[in-house]
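Student: Enclosed is the structure file query.cif (mmCIF, N, CA and C atoms).
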```
data_model
loop_
_atom_site.label_atom_id
_atom_site.label_comp_id
_atom_site.auth_asym_id
_atom_site.auth_seq_id
_atom_site.Cartn_x
_atom_site.Cartn_y
_atom_site.Cartn_z
N MET A 171 0.85 -1.17 0.00
CA MET A 171 0.00 0.00 0.00
C MET A 171 0.89 1.23 0.00
N SER A 172 0.83 2.01 -1.07
CA SER A 172 1.67 3.18 -1.10
C SER A 172 0.96 4.34 -1.75
N LEU A 173 1.20 5.50 -1.22
CA LEU A 173 0.66 6.74 -1.75
C LEU A 173 1.59 7.22 -2.84
N ILE A 174 1.05 7.65 -3.95
CA ILE A 174 1.84 8.19 -5.04
C ILE A 174 1.38 9.63 -5.23
N PRO A 175 1.86 10.54 -4.40
CA PRO A 175 1.38 11.91 -4.48
C PRO A 175 2.03 12.67 -5.63
N SER A 176 1.34 13.68 -6.11
CA SER A 176 1.89 14.58 -7.11
C SER A 176 1.84 15.99 -6.56
N PHE A 177 2.47 16.89 -7.25
CA PHE A 177 2.50 18.29 -6.81
C PHE A 177 1.12 18.67 -6.38
N PRO A 178 0.86 19.36 -5.33
CA PRO A 178 1.79 20.10 -4.51
C PRO A 178 2.45 19.28 -3.42
N PHE A 179 2.32 17.98 -3.47
CA PHE A 179 2.94 17.14 -2.47
C PHE A 179 4.40 16.95 -2.86
N ASN A 180 5.25 16.50 -1.94
CA ASN A 180 6.67 16.52 -2.24
C ASN A 180 7.32 15.16 -2.42
N ALA A 181 6.60 14.07 -2.48
CA ALA A 181 7.21 12.77 -2.69
C ALA A 181 6.66 12.15 -3.97
N THR A 182 7.49 11.39 -4.68
CA THR A 182 7.03 10.68 -5.86
C THR A 182 7.67 9.31 -5.89
N LEU A 183 7.09 8.42 -6.68
CA LEU A 183 7.69 7.11 -6.89
C LEU A 183 8.29 7.10 -8.28
N SER A 184 9.44 6.51 -8.43
CA SER A 184 10.16 6.57 -9.70
C SER A 184 9.43 5.88 -10.84
N ASN A 185 8.59 4.90 -10.56
CA ASN A 185 7.93 4.19 -11.65
C ASN A 185 6.61 4.82 -12.07
N ILE A 186 6.23 5.92 -11.47
CA ILE A 186 5.03 6.64 -11.86
C ILE A 186 5.47 7.97 -12.46
N PRO A 187 5.02 8.29 -13.66
CA PRO A 187 5.47 9.54 -14.27
C PRO A 187 5.04 10.75 -13.46
N SER A 188 5.91 11.72 -13.38
CA SER A 188 5.62 12.95 -12.66
C SER A 188 4.64 13.79 -13.46
N THR A 189 3.71 14.44 -12.79
CA THR A 189 2.74 15.26 -13.48
C THR A 189 2.77 16.68 -12.93
N VAL A 190 3.94 17.14 -12.56
CA VAL A 190 4.07 18.46 -11.96
C VAL A 190 3.49 19.54 -12.87
N GLY A 191 3.70 19.41 -14.17
CA GLY A 191 3.22 20.43 -15.10
C GLY A 191 1.71 20.52 -15.17
N GLU A 192 0.99 19.49 -14.75
CA GLU A 192 -0.46 19.46 -14.88
C GLU A 192 -1.19 19.98 -13.64
N THR A 193 -0.47 20.28 -12.59
CA THR A 193 -1.15 20.60 -11.34
C THR A 193 -0.73 21.96 -10.84
N SER A 194 -1.51 22.49 -9.92
CA SER A 194 -1.16 23.78 -9.32
C SER A 194 -1.43 23.73 -7.83
N ALA A 195 -1.61 24.85 -7.21
CA ALA A 195 -1.55 24.94 -5.75
C ALA A 195 -2.84 24.60 -5.02
N PHE A 196 -3.54 23.59 -5.43
CA PHE A 196 -4.73 23.13 -4.70
C PHE A 196 -4.22 22.20 -3.62
N THR A 197 -3.87 22.77 -2.47
CA THR A 197 -3.16 21.99 -1.45
C THR A 197 -4.05 21.42 -0.37
N ASN A 198 -5.33 21.68 -0.42
CA ASN A 198 -6.20 21.24 0.67
C ASN A 198 -6.81 19.87 0.46
N THR A 199 -6.33 19.12 -0.53
CA THR A 199 -6.89 17.79 -0.77
C THR A 199 -6.37 16.83 0.29
N ARG A 200 -7.27 16.34 1.11
CA ARG A 200 -6.92 15.41 2.18
C ARG A 200 -7.61 14.09 1.87
N VAL A 201 -6.84 13.00 1.94
CA VAL A 201 -7.40 11.69 1.61
C VAL A 201 -7.05 10.71 2.73
N ASP A 202 -8.06 9.96 3.18
CA ASP A 202 -7.86 8.87 4.13
C ASP A 202 -8.06 7.56 3.39
N TRP A 203 -7.29 6.53 3.77
CA TRP A 203 -7.42 5.20 3.17
C TRP A 203 -7.48 4.20 4.30
N LYS A 204 -8.57 3.46 4.37
CA LYS A 204 -8.65 2.39 5.37
C LYS A 204 -8.95 1.09 4.66
N GLU A 205 -8.49 0.01 5.27
CA GLU A 205 -8.74 -1.32 4.74
C GLU A 205 -9.63 -2.06 5.72
N THR A 206 -10.74 -2.57 5.21
CA THR A 206 -11.64 -3.38 6.03
C THR A 206 -11.44 -4.84 5.62
N LEU A 207 -12.23 -5.72 6.19
CA LEU A 207 -12.13 -7.13 5.82
C LEU A 207 -12.53 -7.37 4.37
N VAL A 208 -13.40 -6.51 3.82
CA VAL A 208 -13.93 -6.76 2.49
C VAL A 208 -13.57 -5.71 1.43
N ALA A 209 -12.98 -4.58 1.83
CA ALA A 209 -12.73 -3.52 0.85
C ALA A 209 -11.65 -2.55 1.31
N HIS A 210 -11.15 -1.79 0.33
CA HIS A 210 -10.31 -0.62 0.59
C HIS A 210 -11.23 0.58 0.42
N VAL A 211 -11.24 1.47 1.40
CA VAL A 211 -12.14 2.62 1.37
C VAL A 211 -11.31 3.89 1.45
N PHE A 212 -11.49 4.77 0.46
CA PHE A 212 -10.82 6.06 0.40
C PHE A 212 -11.85 7.15 0.61
N LYS A 213 -11.48 8.16 1.40
CA LYS A 213 -12.35 9.32 1.59
C LYS A 213 -11.50 10.56 1.36
N ALA A 214 -11.98 11.43 0.47
CA ALA A 214 -11.26 12.65 0.12
C ALA A 214 -12.15 13.85 0.43
N ASP A 215 -11.59 14.83 1.13
CA ASP A 215 -12.31 16.07 1.40
C ASP A 215 -12.21 16.97 0.18
N LEU A 216 -13.34 17.23 -0.45
CA LEU A 216 -13.38 18.09 -1.63
C LEU A 216 -14.51 19.10 -1.49
N PRO A 217 -14.43 19.97 -0.49
CA PRO A 217 -15.54 20.90 -0.23
C PRO A 217 -15.81 21.81 -1.42
N GLY A 218 -17.07 21.96 -1.72
CA GLY A 218 -17.49 22.88 -2.78
C GLY A 218 -17.41 22.32 -4.18
N LEU A 219 -16.89 21.10 -4.36
CA LEU A 219 -16.79 20.54 -5.70
C LEU A 219 -18.00 19.67 -6.01
N LYS A 220 -18.43 19.73 -7.26
CA LYS A 220 -19.52 18.87 -7.73
C LYS A 220 -18.91 17.63 -8.38
N LYS A 221 -19.70 16.59 -8.54
CA LYS A 221 -19.18 15.36 -9.11
C LYS A 221 -18.65 15.57 -10.53
N GLU A 222 -19.18 16.55 -11.24
CA GLU A 222 -18.73 16.83 -12.60
C GLU A 222 -17.31 17.43 -12.61
N GLU A 223 -16.85 17.93 -11.47
CA GLU A 223 -15.53 18.56 -11.39
C GLU A 223 -14.45 17.61 -10.87
N VAL A 224 -14.82 16.35 -10.64
CA VAL A 224 -13.90 15.36 -10.07
C VAL A 224 -13.85 14.14 -10.98
N LYS A 225 -12.66 13.56 -11.12
CA LYS A 225 -12.49 12.34 -11.92
C LYS A 225 -11.83 11.29 -11.05
N VAL A 226 -12.36 10.06 -11.09
CA VAL A 226 -11.75 8.92 -10.41
C VAL A 226 -11.45 7.89 -11.48
N GLU A 227 -10.17 7.46 -11.54
CA GLU A 227 -9.75 6.52 -12.57
C GLU A 227 -8.81 5.48 -11.97
N VAL A 228 -8.78 4.32 -12.60
CA VAL A 228 -7.76 3.32 -12.28
C VAL A 228 -6.89 3.22 -13.52
N GLU A 229 -5.61 3.49 -13.33
CA GLU A 229 -4.69 3.45 -14.47
C GLU A 229 -3.51 2.54 -14.16
N GLU A 230 -2.78 2.23 -15.20
CA GLU A 230 -1.58 1.40 -15.08
C GLU A 230 -1.85 0.15 -14.25
N GLY A 231 -3.01 -0.44 -14.46
CA GLY A 231 -3.33 -1.67 -13.75
C GLY A 231 -3.92 -1.45 -12.38
N ARG A 232 -3.15 -0.95 -11.43
CA ARG A 232 -3.64 -0.84 -10.06
C ARG A 232 -3.33 0.52 -9.43
N VAL A 233 -3.33 1.59 -10.21
CA VAL A 233 -3.10 2.91 -9.64
C VAL A 233 -4.42 3.67 -9.65
N LEU A 234 -4.90 3.99 -8.45
CA LEU A 234 -6.13 4.78 -8.30
C LEU A 234 -5.74 6.25 -8.41
N GLN A 235 -6.38 6.96 -9.32
CA GLN A 235 -6.08 8.37 -9.51
C GLN A 235 -7.33 9.20 -9.27
N ILE A 236 -7.18 10.23 -8.43
CA ILE A 236 -8.26 11.16 -8.13
C ILE A 236 -7.79 12.52 -8.62
N SER A 237 -8.56 13.16 -9.48
CA SER A 237 -8.15 14.46 -10.01
C SER A 237 -9.37 15.36 -10.17
N GLY A 238 -9.10 16.62 -10.33
CA GLY A 238 -10.17 17.58 -10.53
C GLY A 238 -9.63 19.00 -10.52
N GLU A 239 -10.56 19.93 -10.54
CA GLU A 239 -10.16 21.33 -10.56
C GLU A 239 -11.22 22.18 -9.88
N ARG A 240 -10.75 23.08 -9.05
CA ARG A 240 -11.63 24.09 -8.46
C ARG A 240 -11.32 25.40 -9.17
N SER A 241 -12.34 25.96 -9.79
CA SER A 241 -12.15 27.20 -10.53
C SER A 241 -11.93 28.38 -9.59
N LYS A 242 -11.11 29.31 -10.05
CA LYS A 242 -10.87 30.53 -9.29
C LYS A 242 -12.13 31.39 -9.36
N GLU A 243 -12.45 32.01 -8.25
CA GLU A 243 -13.63 32.87 -8.22
C GLU A 243 -13.40 34.07 -9.11
N GLN A 244 -14.44 34.43 -9.87
CA GLN A 244 -14.32 35.56 -10.78
C GLN A 244 -14.12 36.85 -10.01
N GLU A 245 -13.16 37.63 -10.45
CA GLU A 245 -12.91 38.93 -9.81
C GLU A 245 -13.55 40.02 -10.65
N GLU A 246 -14.30 40.83 -9.98
CA GLU A 246 -14.88 41.98 -10.65
C GLU A 246 -13.87 43.12 -10.58
N LYS A 247 -13.93 44.02 -11.54
CA LYS A 247 -12.94 45.10 -11.63
C LYS A 247 -12.89 45.96 -10.37
N ASN A 248 -14.03 46.16 -9.73
CA ASN A 248 -14.07 47.04 -8.55
C ASN A 248 -13.98 46.29 -7.23
N ASP A 249 -13.79 44.97 -7.27
CA ASP A 249 -13.68 44.19 -6.04
C ASP A 249 -12.38 44.51 -5.32
N LYS A 250 -12.46 44.53 -3.99
CA LYS A 250 -11.27 44.73 -3.16
C LYS A 250 -11.22 43.56 -2.19
N TRP A 251 -10.25 42.67 -2.37
CA TRP A 251 -10.11 41.50 -1.53
C TRP A 251 -9.33 41.88 -0.27
N HIS A 252 -9.82 41.43 0.89
CA HIS A 252 -9.14 41.68 2.15
C HIS A 252 -8.36 40.47 2.64
N HIS A 253 -8.83 39.29 2.27
CA HIS A 253 -8.17 38.07 2.74
C HIS A 253 -8.55 36.92 1.80
N VAL A 254 -7.59 36.09 1.42
CA VAL A 254 -7.86 34.95 0.56
C VAL A 254 -7.14 33.73 1.12
N ASP A 255 -7.89 32.73 1.56
CA ASP A 255 -7.33 31.47 2.07
C ASP A 255 -7.68 30.30 1.17
N ARG A 256 -8.84 30.36 0.56
CA ARG A 256 -9.31 29.23 -0.24
C ARG A 256 -8.46 29.09 -1.48
N SER A 257 -8.09 27.86 -1.78
CA SER A 257 -7.23 27.63 -2.94
C SER A 257 -8.07 27.23 -4.15
N SER A 258 -7.47 27.40 -5.30
CA SER A 258 -8.11 26.99 -6.55
C SER A 258 -7.04 26.34 -7.41
N GLY A 259 -7.48 25.71 -8.46
CA GLY A 259 -6.55 25.06 -9.36
C GLY A 259 -6.81 23.58 -9.44
N LYS A 260 -5.88 22.87 -10.07
CA LYS A 260 -6.02 21.44 -10.27
C LYS A 260 -5.41 20.67 -9.10
N PHE A 261 -5.91 19.46 -8.91
CA PHE A 261 -5.31 18.57 -7.92
C PHE A 261 -5.23 17.19 -8.51
N LEU A 262 -4.31 16.39 -7.99
CA LEU A 262 -4.10 15.04 -8.48
C LEU A 262 -3.48 14.22 -7.36
N CYS A 263 -4.12 13.11 -7.02
CA CYS A 263 -3.59 12.18 -6.01
C CYS A 263 -3.60 10.79 -6.63
N ARG A 264 -2.54 10.04 -6.37
CA ARG A 264 -2.45 8.67 -6.89
C ARG A 264 -2.10 7.73 -5.75
N PHE A 265 -2.70 6.54 -5.80
CA PHE A 265 -2.43 5.51 -4.81
C PHE A 265 -2.22 4.18 -5.52
N ARG A 266 -1.14 3.49 -5.19
CA ARG A 266 -0.93 2.15 -5.74
C ARG A 266 -1.74 1.19 -4.89
N LEU A 267 -2.66 0.49 -5.56
CA LEU A 267 -3.54 -0.45 -4.86
C LEU A 267 -2.85 -1.80 -4.72
N PRO A 268 -3.14 -2.52 -3.65
CA PRO A 268 -2.55 -3.85 -3.46
C PRO A 268 -3.15 -4.87 -4.42
N GLU A 269 -2.51 -6.01 -4.48
CA GLU A 269 -2.93 -7.09 -5.39
C GLU A 269 -4.37 -7.53 -5.17
N ASP A 270 -4.86 -7.44 -3.93
CA ASP A 270 -6.20 -7.95 -3.65
C ASP A 270 -7.33 -7.00 -4.04
N ALA A 271 -7.02 -5.84 -4.61
CA ALA A 271 -8.05 -4.87 -4.98
C ALA A 271 -8.72 -5.27 -6.29
N LYS A 272 -10.04 -5.30 -6.28
CA LYS A 272 -10.81 -5.60 -7.49
C LYS A 272 -11.00 -4.28 -8.25
N THR A 273 -10.03 -3.94 -9.07
CA THR A 273 -10.03 -2.63 -9.73
C THR A 273 -11.16 -2.45 -10.75
N ASP A 274 -11.80 -3.52 -11.16
CA ASP A 274 -12.91 -3.40 -12.09
C ASP A 274 -14.25 -3.20 -11.38
N GLU A 275 -14.22 -3.10 -10.04
CA GLU A 275 -15.46 -2.93 -9.28
C GLU A 275 -15.42 -1.70 -8.37
N VAL A 276 -14.68 -0.67 -8.76
CA VAL A 276 -14.57 0.55 -7.96
C VAL A 276 -15.90 1.29 -7.97
N LYS A 277 -16.34 1.72 -6.80
CA LYS A 277 -17.56 2.52 -6.67
C LYS A 277 -17.15 3.87 -6.06
N ALA A 278 -17.74 4.95 -6.56
CA ALA A 278 -17.43 6.28 -6.03
C ALA A 278 -18.72 7.08 -5.88
N SER A 279 -18.77 7.87 -4.80
CA SER A 279 -19.90 8.77 -4.59
C SER A 279 -19.40 10.01 -3.86
N ILE A 280 -20.09 11.10 -4.04
CA ILE A 280 -19.72 12.34 -3.35
C ILE A 280 -20.94 12.88 -2.63
N GLU A 281 -20.74 13.21 -1.36
CA GLU A 281 -21.84 13.72 -0.54
C GLU A 281 -21.26 14.69 0.48
N ASN A 282 -21.87 15.86 0.57
CA ASN A 282 -21.44 16.89 1.51
C ASN A 282 -19.94 17.19 1.42
N GLY A 283 -19.43 17.22 0.20
CA GLY A 283 -18.03 17.56 -0.01
C GLY A 283 -17.03 16.46 0.30
N VAL A 284 -17.52 15.24 0.52
CA VAL A 284 -16.63 14.10 0.78
C VAL A 284 -16.82 13.07 -0.32
N LEU A 285 -15.72 12.80 -1.03
CA LEU A 285 -15.71 11.78 -2.08
C LEU A 285 -15.33 10.46 -1.43
N THR A 286 -16.18 9.45 -1.57
CA THR A 286 -15.91 8.12 -1.01
C THR A 286 -15.76 7.14 -2.16
N MET A 287 -14.62 6.43 -2.16
CA MET A 287 -14.36 5.40 -3.16
C MET A 287 -14.18 4.08 -2.44
N THR A 288 -14.89 3.07 -2.90
CA THR A 288 -14.81 1.74 -2.30
C THR A 288 -14.34 0.75 -3.34
N ILE A 289 -13.26 0.04 -3.02
CA ILE A 289 -12.70 -0.96 -3.91
C ILE A 289 -12.78 -2.30 -3.20
N PRO A 290 -13.66 -3.20 -3.64
CA PRO A 290 -13.77 -4.51 -2.99
C PRO A 290 -12.44 -5.28 -3.07
N LYS A 291 -12.28 -6.19 -2.12
CA LYS A 291 -11.08 -7.03 -2.09
C LYS A 291 -11.41 -8.43 -2.59
N GLU A 292 -10.43 -9.04 -3.25
CA GLU A 292 -10.55 -10.44 -3.64
C GLU A 292 -10.56 -11.27 -2.37
N GLU A 293 -11.32 -12.34 -2.37
CA GLU A 293 -11.27 -13.25 -1.23
C GLU A 293 -9.94 -13.98 -1.25
N VAL A 294 -9.27 -13.94 -0.15
CA VAL A 294 -8.00 -14.65 -0.06
C VAL A 294 -8.30 -16.10 0.28
N LYS A 295 -7.87 -16.96 -0.63
CA LYS A 295 -8.12 -18.38 -0.39
C LYS A 295 -7.15 -18.88 0.67
N LYS A 296 -7.72 -19.56 1.64
CA LYS A 296 -6.87 -20.16 2.67
C LYS A 296 -6.25 -21.42 2.11
N ALA A 297 -5.00 -21.61 2.42
CA ALA A 297 -4.31 -22.80 1.94
C ALA A 297 -4.97 -24.04 2.52
N GLU A 298 -5.23 -24.96 1.62
CA GLU A 298 -5.81 -26.21 2.08
C GLU A 298 -4.72 -27.08 2.68
N VAL A 299 -5.04 -27.68 3.78
CA VAL A 299 -4.10 -28.60 4.42
C VAL A 299 -4.67 -30.00 4.26
N LYS A 300 -3.88 -30.83 3.62
CA LYS A 300 -4.32 -32.19 3.39
C LYS A 300 -3.41 -33.12 4.19
N ALA A 301 -4.03 -33.90 5.04
CA ALA A 301 -3.24 -34.85 5.85
C ALA A 301 -2.79 -35.99 4.97
N ILE A 302 -1.56 -36.32 5.09
CA ILE A 302 -0.96 -37.42 4.33
C ILE A 302 -0.77 -38.60 5.27
N GLU A 303 -1.34 -39.73 4.88
CA GLU A 303 -1.21 -40.92 5.70
C GLU A 303 0.21 -41.48 5.58
N ILE A 304 0.79 -41.81 6.67
CA ILE A 304 2.14 -42.34 6.69
C ILE A 304 2.06 -43.86 6.77
N SER A 305 2.68 -44.52 5.82
CA SER A 305 2.63 -45.98 5.83
C SER A 305 3.84 -46.53 6.57
N GLY A 306 3.72 -47.78 6.94
CA GLY A 306 4.87 -48.44 7.57
C GLY A 306 4.63 -49.02 8.88
#
```
Could you write out this file's structure as structure tokens?
Tutor:
Amino acid sequence: MSLIPSFPFNATLSNIPSTVGETSAFTNTRVDWKETLVAHVFKADLPGLKKEEVKVEVEEGRVLQISGERSKEQEEKNDKWHHVDRSSGKFLCRFRLPEDAKTDEVKASIENGVLTMTIPKEEVKKAEVKAIEISG
């Protein structure tokens, strides 16, 4: 299980192409990943974004990619800004999924600014133990 972050994050994996040129300072993307007995569940805070502004993809076999863009608020000529904290721009997060992830069954939904992605897990077959009779 490994996170493959892209700009504005500061770590990358050598086998995943860098996408620094495609992203900007949307730094508030927070993602949690938990593993349950039956699935991998990701939750991303994306306040103010609609589902049309977010893309969830599985690429390169088992890389989950979450991307999107928050548009900059239109500035009117006579507007005077006193404080700006909210970020805008593109974001991109990548996660390498483990072997047990059923990447063809990813489900995603967004509610109250939280994107939830659920990836079911393959059932791990328990090794069968067969008793061997000893002769003699």
Student: Could you list, as a list in words, every residue within 8 Å of region 282-285 of chain A, counting only N, CA and C atoms and ignoring same-chain residues fewer than 4 positions away?
Tutor: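 Near region 282-285 of chain A, the qualifying residues are Phe212, Lys213, Ala214, Asp215, Leu216, Pro217, Gly218, Leu219, Lys220 and Ala278 of chain A.
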Student: Using only C-alpha atoms, pick whichever of A:Thr286, A:Ser279, A:Gln244, A:Thr273 has the shortest atom-to-atom distance to Arg232 (chain A).
Tutor: A:Thr273
Student: To verify the selection step, state as number ranges by chain which residues the PyMOL selection byres ((chain A and resi 269) around 8) yields on this input.
Tutor: A: 171, 232, 266-268, 270-273, 291-292
Student: Quick one: pull the distance between atom C of Ala209 (chain A) and atom C of Met287 (chain A), Å, one decimal.
Tutor: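 Computed distance, atom C of Ala209 (chain A) to atom C of Met287 (chain A), equals 8.0 Å.
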Student: What does the distance from atom N of Glu223 (chain A) to atom C of Cys263 (chain A) come to in Å, to one decimal?
Tutor: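 Separation between atom N of Glu223 (chain A) and atom C of Cys263 (chain A): 15.8 Å.
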Student: Do you have the atom N of Asp274 (chain A)-atom N of Leu207 (chain A) distance handy?
Tutor: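 For atom N of Asp274 (chain A) relative to atom N of Leu207 (chain A), the distance reads 17.5 Å.
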Student: Nearest to Lys221 (chain A): which of A:Glu303, A:Glu281, A:Glu245, A:Glu298 is it, counting only C-alpha atoms?
Tutor: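 Counting only C-alpha atoms, the residue closest to Lys221 (chain A) is A:Glu281.
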Student: Might you pull out every residue within 6 Å of Lys225 (chain A), with only N, CA and C atoms counted and same-chain residues fewer than 6 positions away left off, and present them as a list in words?
Tutor: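 The contact residues come out as Gln235, Ile236, Ser237 and Gly238 of chain A.
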Student: Taking N, CA and C atoms for each residue, export the selection above as a PDB file, in the coordinates of the input.
Tutor:
```pdb
ATOM      1  N   GLN A 235      -6.380   6.960  -9.320  1.00  0.00           N
ATOM      2  CA  GLN A 235      -6.080   8.370  -9.510  1.00  0.00           C
ATOM      3  C   GLN A 235      -7.330   9.200  -9.270  1.00  0.00           C
ATOM      4  N   ILE A 236      -7.180  10.230  -8.430  1.00  0.00           N
ATOM      5  CA  ILE A 236      -8.260  11.160  -8.130  1.00  0.00           C
ATOM      6  C   ILE A 236      -7.790  12.520  -8.620  1.00  0.00           C
ATOM      7  N   SER A 237      -8.560  13.160  -9.480  1.00  0.00           N
ATOM      8  CA  SER A 237      -8.150  14.460 -10.010  1.00  0.00           C
ATOM      9  C   SER A 237      -9.370  15.360 -10.170  1.00  0.00           C
ATOM     10  N   GLY A 238      -9.100  16.620 -10.330  1.00  0.00           N
ATOM     11  CA  GLY A 238     -10.170  17.580 -10.530  1.00  0.00           C
ATOM     12  C   GLY A 238      -9.630  19.000 -10.520  1.00  0.00           C
TER      13      GLY A 238
END
```
